[in-house]
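Beneath this line is the structure, given in structure tokens, with notes to follow.
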Amino acid sequence: MHYKFDFGWLLDYSPQIAKGVLVTLELIAVGGIFGIALGIFCAWVRALGPKWLRPPVATYVELIRNTPFLIQLFFIFFGLPSLGLQLSEMTAANIAMVVNLGAYSCEIIRAGIQATPKGQFEAGASLAMTRFETFQHVVLVPSLQRIWPALSSQVVIVMLGSSVVSQIAAEDLTFAANFIQSRTFRAFEAYMVSTTIYLLLAILLRQALVMVGGFIFPRGGTR
């Protein structure tokens with residue numbers, strides 16, 4: 001049986017593909033920036049923060065890290081309306097990305113904090129800094145420098161996992177591929193194109209994160 005490849009539809013459906021790429025890029029940007037910020041906060045709480053706040057943060061981290069991302073997405077989009085909180089597809093997808101990356105990045109960043117020499121904390125204390133000020137001015141940047149490659153990999157993994165947001169009709173790249181194959185019946189070609197774009201996005205995102213790391217940590221500690 002011989003299969004004939006046909007990409008004649010590619011130009012006609014390029015607007016859908018472009019829109020899908022833009023939505024995926026939005027998910028990467030929102031999820032990456034706010035997810036890492038949430039991860040930094042949670043890592044500080046678990047490593048150095050007030051004891052009363054550690055159990056709820058630990059519960060959040062373990063809950064997210066031990067449940068499927070798709071279930072988390074469904075809970076936010078289909079479950080929260082039962083409590084009176086109606087969210088659009090993109091809002092739900094962005095929240096799910098932030099919550100998911102926040103939990104995973106928390107543990108990665110916490111590992112970097114725990115690897116900090118005690119002398120740095122003692123130096124902060126000798127300058128009359130609070131624990132939070134010591135974390136902010138003395139501990140945070142070296143900790144991020146130590147774990148930046150692992151954190152970058154996690155951002156890429158979460159980006160690739162964003163493909164499931166099409167299940168709630170968020171019009172990302174996978175949604176575009178599903179739409180195209182339903183109209184053209186060229187499933188192999190449609191998913192080949194989307195796979196290639198995801199591959200390129202992952203490579204570009206990883207390189208962008210290396211550049212960001214090189215800017216934040218100019219001594220090259222990200223490699």
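Labeling convention for the structure tokens: chains A, B, ... as they appear, residues from 1 per chain, ligands from 1 in order of appearance.
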*What are the DSSP alpha helix (DSSP H) residues of region 49-104 of chain A, as a ChimeraX atom specification?*
/A:54-65,69-74,89-104
*Identify, on the basis of only C-alpha atoms, every residue whose closest approach to Gly39 (chain A) does not exceed 7 Å; exclude the query and any residue fewer than 4 positions from it along the same chain; express the result as a VMD selection string.*
chain A and resid 35 43 102 to 103 105 to 106
*Please measure the separation of CA of Ser88 (chain A) and CA of Ile157 (chain A), giving the value in Å to one decimal.*
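So the answer is 23.9 Å.
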*Exercise: region 176-182 of chain A partners within 12 Å, only C-alpha atoms, chain neighbours under 6 positions left out, as number ranges by chain*: A: 7, 9-24, 163-167, 169-170, 188-198
*Using only C-alpha atoms, determine which residues lie at most 12 Å from region 45-50 of chain A, disregarding the query and same-chain residues fewer than 2 positions distant; provide the list as a PyMOL selection string.*
chain A and resi 38-43+52-61+103+106-116+121+130-136+139-140
*For CA of Pro81 (chain A) and CA of Phe175 (chain A), determine how far apart the two atoms are, in Å to one decimal place.*
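Answer for the CA of Pro81 (chain A) to CA of Phe175 (chain A) separation: 22.8 Å.
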